[in-house]
Amino acid sequence: MGSGIANLVYNLNKSLTRLGHSVDICSPIGPDIKLEEAVKPIERFGGFGIAYFWYKVGGLLETKHKEYDLILLHNPLLFREVKAKNIVCVVHTLFYFIFKESDWRNIKKLPYYLGMLALESYAYKHMRHLSFAVTSPKTISELEHYGIKPEGVPIIYNGHDFSATPVKSLPKSLEYLKSKQGIRLVYVGRFAYKKNLPRLLLVFKHLRELSNIYHLYLIP
(Lines give C-alpha, C1' and ligand atoms only; values in the text may rest on other atoms or scores of the structure.)
Protein backbone atom coordinates (compact mmCIF):
# COMPACT_ATOMS: atom_id res chain seq x y z
CA MET A 1 0.00 0.00 0.00
CA GLY A 2 2.94 2.29 0.69
CA SER A 3 6.72 2.23 0.90
CA GLY A 4 6.77 1.95 4.70
CA ILE A 5 4.49 -1.06 5.03
CA ALA A 6 6.05 -2.62 1.92
CA ASN A 7 9.50 -2.55 3.55
CA LEU A 8 8.08 -3.88 6.81
CA VAL A 9 6.37 -6.81 5.08
CA TYR A 10 9.47 -7.55 2.98
CA ASN A 11 11.76 -7.73 6.02
CA LEU A 12 9.24 -9.65 8.13
CA ASN A 13 8.71 -12.19 5.36
CA LYS A 14 12.47 -12.55 4.90
CA SER A 15 13.07 -13.13 8.62
CA LEU A 16 10.22 -15.61 9.09
CA THR A 17 11.16 -17.56 5.96
CA ARG A 18 14.74 -17.80 7.22
CA LEU A 19 13.39 -19.34 10.44
CA GLY A 20 11.53 -21.97 8.43
CA HIS A 21 8.02 -20.50 8.53
CA SER A 22 5.69 -20.33 5.55
CA VAL A 23 4.30 -16.83 4.90
CA ASP A 24 1.38 -15.70 2.73
CA ILE A 25 1.15 -11.97 1.93
CA CYS A 26 -2.22 -10.47 1.08
CA SER A 27 -2.56 -7.12 -0.67
CA PRO A 28 -4.39 -5.70 -3.70
CA ILE A 29 -1.45 -6.88 -5.85
CA GLY A 30 -0.39 -9.99 -3.93
CA PRO A 31 2.01 -11.66 -4.24
CA ASP A 32 0.34 -14.64 -2.55
CA ILE A 33 -3.26 -13.54 -2.04
CA LYS A 34 -4.37 -10.90 -4.55
CA LEU A 35 -7.44 -8.71 -4.19
CA GLU A 36 -7.07 -6.95 -7.52
CA GLU A 37 -10.66 -5.72 -7.50
CA ALA A 38 -9.55 -3.22 -4.83
CA VAL A 39 -6.79 -1.63 -6.94
CA LYS A 40 -8.93 0.80 -8.94
CA PRO A 41 -11.11 1.88 -5.96
CA ILE A 42 -7.93 2.68 -4.01
CA GLU A 43 -6.49 4.67 -6.92
CA ARG A 44 -9.73 6.61 -7.40
CA PHE A 45 -11.08 7.03 -3.87
CA GLY A 46 -8.10 6.73 -1.51
CA GLY A 47 -9.20 5.74 1.98
CA PHE A 48 -12.64 4.64 0.81
CA GLY A 49 -10.94 2.24 -1.60
CA ILE A 50 -8.77 0.94 1.23
CA ALA A 51 -11.94 0.39 3.28
CA TYR A 52 -13.29 -1.69 0.38
CA PHE A 53 -10.06 -3.73 0.39
CA TRP A 54 -10.53 -4.48 4.10
CA TYR A 55 -14.15 -5.40 3.49
CA LYS A 56 -12.90 -8.08 1.10
CA VAL A 57 -10.20 -9.16 3.56
CA GLY A 58 -12.88 -9.60 6.23
CA GLY A 59 -14.65 -12.11 4.01
CA LEU A 60 -11.43 -14.08 3.55
CA LEU A 61 -10.73 -14.10 7.28
CA GLU A 62 -14.14 -15.57 8.06
CA THR A 63 -13.46 -18.62 5.90
CA LYS A 64 -9.67 -19.01 6.06
CA HIS A 65 -8.45 -17.87 9.50
CA LYS A 66 -8.19 -21.47 10.76
CA GLU A 67 -5.61 -22.23 8.07
CA TYR A 68 -2.99 -20.01 9.76
CA ASP A 69 -1.15 -20.00 13.09
CA LEU A 70 -0.89 -16.20 13.11
CA ILE A 71 -2.54 -13.47 11.05
CA LEU A 72 -0.92 -10.03 11.23
CA LEU A 73 -3.07 -7.13 10.02
CA HIS A 74 -1.59 -3.66 9.45
CA ASN A 75 -3.98 -0.78 10.22
CA PRO A 76 -7.07 -2.90 9.51
CA LEU A 77 -10.71 -1.89 9.11
CA LEU A 78 -12.86 -4.99 9.61
CA PHE A 79 -16.57 -4.48 9.05
CA ARG A 80 -17.65 -7.89 10.30
CA GLU A 81 -16.77 -9.63 13.55
CA VAL A 82 -14.22 -12.38 12.98
CA LYS A 83 -14.00 -14.54 16.09
CA ALA A 84 -10.41 -15.71 15.81
CA LYS A 85 -7.70 -15.75 18.48
CA ASN A 86 -4.83 -15.84 15.99
CA ILE A 87 -5.33 -12.29 14.65
CA VAL A 88 -3.09 -9.42 15.76
CA CYS A 89 -3.84 -5.88 14.57
CA VAL A 90 -0.82 -3.58 14.37
CA VAL A 91 -2.07 0.01 14.45
CA HIS A 92 0.12 2.83 13.17
CA THR A 93 -2.34 5.70 13.19
CA LEU A 94 -6.08 6.30 13.25
CA PHE A 95 -8.34 8.70 11.39
CA TYR A 96 -9.62 9.75 14.80
CA PHE A 97 -6.24 11.38 15.42
CA ILE A 98 -5.95 12.74 11.86
CA PHE A 99 -9.40 14.29 12.21
CA LYS A 100 -8.48 15.99 15.50
CA GLU A 101 -5.21 17.36 14.12
CA SER A 102 -6.48 18.47 10.70
CA ASP A 103 -6.51 22.06 9.52
CA TRP A 104 -10.13 22.73 8.59
CA ARG A 105 -9.37 25.84 6.58
CA ASN A 106 -9.49 23.46 3.61
CA ILE A 107 -13.20 22.73 3.93
CA LYS A 108 -13.15 20.53 0.81
CA LYS A 109 -11.46 17.75 2.79
CA LEU A 110 -14.07 17.73 5.54
CA PRO A 111 -16.54 15.27 3.89
CA TYR A 112 -13.68 12.85 3.18
CA TYR A 113 -12.40 12.89 6.75
CA LEU A 114 -15.89 12.66 8.23
CA GLY A 115 -16.62 9.68 5.98
CA MET A 116 -13.40 7.90 6.93
CA LEU A 117 -14.00 8.65 10.60
CA ALA A 118 -17.47 7.08 10.40
CA LEU A 119 -16.09 3.97 8.65
CA GLU A 120 -13.30 3.63 11.21
CA SER A 121 -15.71 4.00 14.13
CA TYR A 122 -18.01 1.35 12.66
CA ALA A 123 -15.10 -1.03 11.99
CA TYR A 124 -13.66 -0.82 15.49
CA LYS A 125 -16.99 -1.85 16.99
CA HIS A 126 -16.33 -5.21 15.32
CA MET A 127 -12.65 -5.37 16.31
CA ARG A 128 -12.61 -4.74 20.07
CA HIS A 129 -12.23 -8.45 20.87
CA LEU A 130 -9.04 -8.82 18.78
CA SER A 131 -5.43 -8.49 19.97
CA PHE A 132 -3.65 -5.21 19.26
CA ALA A 133 -0.13 -3.82 19.06
CA VAL A 134 0.74 -0.18 18.40
CA THR A 135 3.72 1.84 17.23
CA SER A 136 3.52 4.63 19.82
CA PRO A 137 1.95 5.44 23.22
CA LYS A 138 -0.17 8.07 21.45
CA THR A 139 -1.92 5.35 19.48
CA ILE A 140 -2.89 3.55 22.69
CA SER A 141 -4.87 6.60 23.82
CA GLU A 142 -6.54 6.72 20.40
CA LEU A 143 -7.58 3.07 20.73
CA GLU A 144 -9.14 3.88 24.11
CA HIS A 145 -11.49 6.21 22.25
CA TYR A 146 -12.88 3.11 20.55
CA GLY A 147 -13.25 1.16 23.78
CA ILE A 148 -10.05 -0.90 23.57
CA LYS A 149 -8.35 -1.20 26.96
CA PRO A 150 -4.66 -0.21 26.95
CA GLU A 151 -3.60 -2.92 29.41
CA GLY A 152 -1.52 -5.55 27.67
CA VAL A 153 -1.21 -3.67 24.36
CA PRO A 154 2.49 -3.88 23.39
CA ILE A 155 4.28 -0.94 21.78
CA ILE A 156 6.45 -1.83 18.78
CA TYR A 157 8.27 1.41 18.09
CA ASN A 158 9.04 2.57 14.58
CA GLY A 159 12.76 3.00 14.92
CA HIS A 160 16.12 1.34 15.33
CA ASP A 161 17.99 0.23 18.45
CA PHE A 162 21.57 1.18 17.61
CA SER A 163 22.89 -0.33 20.85
CA ALA A 164 21.58 -3.76 19.81
CA THR A 165 23.06 -3.73 16.29
CA PRO A 166 26.74 -4.40 15.54
CA VAL A 167 28.35 -1.49 13.71
CA LYS A 168 29.54 -3.79 10.91
CA SER A 169 25.95 -4.57 9.93
CA LEU A 170 24.85 -0.94 9.67
CA PRO A 171 24.82 1.10 6.43
CA LYS A 172 27.73 3.56 6.19
CA SER A 173 25.46 6.53 6.91
CA LEU A 174 24.32 4.90 10.16
CA GLU A 175 27.86 3.86 11.11
CA TYR A 176 28.76 7.56 11.05
CA LEU A 177 25.67 8.39 13.06
CA LYS A 178 26.51 5.84 15.75
CA SER A 179 29.97 7.36 16.17
CA LYS A 180 28.55 10.78 17.12
CA GLN A 181 28.05 11.81 20.73
CA GLY A 182 24.82 13.20 22.14
CA ILE A 183 21.18 12.46 21.40
CA ARG A 184 20.65 11.39 17.80
CA LEU A 185 17.33 11.82 16.06
CA VAL A 186 16.94 9.98 12.77
CA TYR A 187 14.30 10.46 10.08
CA VAL A 188 14.25 7.60 7.57
CA GLY A 189 11.70 7.87 4.78
CA ARG A 190 10.33 9.87 1.90
CA PHE A 191 10.60 13.65 1.78
CA ALA A 192 6.88 14.04 1.17
CA TYR A 193 4.36 16.73 2.10
CA LYS A 194 2.24 14.29 4.10
CA LYS A 195 5.24 13.52 6.34
CA ASN A 196 5.12 17.13 7.60
CA LEU A 197 8.89 17.70 7.56
CA PRO A 198 8.55 21.46 8.26
CA ARG A 199 7.07 20.61 11.67
CA LEU A 200 9.89 18.15 12.34
CA LEU A 201 12.49 20.81 11.53
CA LEU A 202 10.69 23.35 13.71
CA VAL A 203 10.67 20.95 16.68
CA PHE A 204 14.35 20.21 16.14
CA LYS A 205 15.12 23.93 16.02
CA HIS A 206 13.52 24.34 19.46
CA LEU A 207 15.49 21.38 20.79
CA ARG A 208 18.75 22.89 19.56
CA GLU A 209 17.88 26.14 21.30
CA LEU A 210 17.68 24.15 24.54
CA SER A 211 20.92 22.23 24.03
CA ASN A 212 23.45 21.44 21.30
CA ILE A 213 23.57 17.76 22.26
CA TYR A 214 20.77 17.02 19.77
CA HIS A 215 21.63 15.93 16.22
CA LEU A 216 19.10 15.41 13.43
CA TYR A 217 19.83 13.12 10.47
CA LEU A 218 17.58 12.88 7.43
CA ILE A 219 17.99 9.66 5.43
CA PRO A 220 15.68 9.52 2.38
# chains A, B, ... in the order shown; residues from 1 in each chain; ligands from 1
>>> residues_around(residues="Ile71 of chain A", least_positions_apart="2", cutoff="8 Å", atoms="only C-alpha atoms", output="count of residues only")
7
>>> residues_around(residues="Ala38 of chain A", least_positions_apart="3", cutoff="9 Å", atoms="only C-alpha atoms", output="VMD selection string")
chain A and resid 28 to 29 35 41 to 43 49 to 50 52 to 53 56
>>> closest_residue(among="A:Tyr113, A:Phe79, A:Tyr10, A:Trp54", to="Arg128 of chain A", atoms="only C-alpha atoms")
A:Phe79
>>> select_by_dssp(residues="segment 83-125 of chain A", states="alpha helix (DSSP H)", output="count of residues only")
23
>>> closest_atom_pairs(of="segment 31-138 of chain A", to="segment 12-25 of chain A", cutoff="9 Å", atoms="only C-alpha atoms", output="Markdown table")
| residue | atom | partner | partner_atom | distance |
| --- | --- | --- | --- | --- |
| A:Pro31 | CA | A:Ile25 | CA | 6.2 |
| A:Asp32 | CA | A:Ile25 | CA | 5.3 |
| A:Ile33 | CA | A:Ile25 | CA | 6.1 |
| A:Lys34 | CA | A:Ile25 | CA | 8.6 |
>>> residues_around(residues="Thr135 of chain A", least_positions_apart="3", cutoff="9 Å", atoms="only C-alpha atoms", output="JSON, numbers by chain")
{"A": [90, 91, 92, 93, 138, 139, 140, 154, 155, 156, 157, 158]}
>>> write_last_selection(atoms="N, CA and C atoms", output="PDB file, in the first residue's frame")
ATOM      1  N   VAL A  90      -1.862  -4.558  14.083  1.00  0.00           N
ATOM      2  CA  VAL A  90      -0.817  -3.576  14.371  1.00  0.00           C
ATOM      3  C   VAL A  90      -1.302  -2.220  13.866  1.00  0.00           C
ATOM      4  N   VAL A  91      -1.485  -1.286  14.792  1.00  0.00           N
ATOM      5  CA  VAL A  91      -2.074   0.011  14.449  1.00  0.00           C
ATOM      6  C   VAL A  91      -0.989   1.082  14.455  1.00  0.00           C
ATOM      7  N   HIS A  92      -0.868   1.754  13.331  1.00  0.00           N
ATOM      8  CA  HIS A  92       0.121   2.826  13.174  1.00  0.00           C
ATOM      9  C   HIS A  92      -0.499   4.183  13.489  1.00  0.00           C
ATOM     10  N   THR A  93      -1.639   4.446  12.917  1.00  0.00           N
ATOM     11  CA  THR A  93      -2.341   5.703  13.186  1.00  0.00           C
ATOM     12  C   THR A  93      -3.813   5.516  12.881  1.00  0.00           C
ATOM     13  N   LYS A 138       0.933   7.225  21.909  1.00  0.00           N
ATOM     14  CA  LYS A 138      -0.168   8.071  21.446  1.00  0.00           C
ATOM     15  C   LYS A 138      -1.289   7.222  20.868  1.00  0.00           C
ATOM     16  N   THR A 139      -0.917   6.189  20.125  1.00  0.00           N
ATOM     17  CA  THR A 139      -1.917   5.352  19.476  1.00  0.00           C
ATOM     18  C   THR A 139      -2.738   4.579  20.497  1.00  0.00           C
ATOM     19  N   ILE A 140      -2.138   4.243  21.637  1.00  0.00           N
ATOM     20  CA  ILE A 140      -2.895   3.551  22.686  1.00  0.00           C
ATOM     21  C   ILE A 140      -4.051   4.415  23.158  1.00  0.00           C
ATOM     22  N   PRO A 154       1.057  -4.160  23.525  1.00  0.00           N
ATOM     23  CA  PRO A 154       2.491  -3.878  23.390  1.00  0.00           C
ATOM     24  C   PRO A 154       2.754  -2.730  22.419  1.00  0.00           C
ATOM     25  N   ILE A 155       3.854  -2.013  22.668  1.00  0.00           N
ATOM     26  CA  ILE A 155       4.281  -0.936  21.780  1.00  0.00           C
ATOM     27  C   ILE A 155       5.486  -1.422  20.982  1.00  0.00           C
ATOM     28  N   ILE A 156       5.348  -1.460  19.665  1.00  0.00           N
ATOM     29  CA  ILE A 156       6.455  -1.827  18.780  1.00  0.00           C
ATOM     30  C   ILE A 156       6.879  -0.545  18.074  1.00  0.00           C
ATOM     31  N   TYR A 157       7.897   0.090  18.586  1.00  0.00           N
ATOM     32  CA  TYR A 157       8.274   1.410  18.090  1.00  0.00           C
ATOM     33  C   TYR A 157       8.778   1.354  16.654  1.00  0.00           C
ATOM     34  N   ASN A 158       8.428   2.372  15.886  1.00  0.00           N
ATOM     35  CA  ASN A 158       9.040   2.571  14.578  1.00  0.00           C
ATOM     36  C   ASN A 158      10.404   3.193  14.819  1.00  0.00           C
TER      37      ASN A 158
END
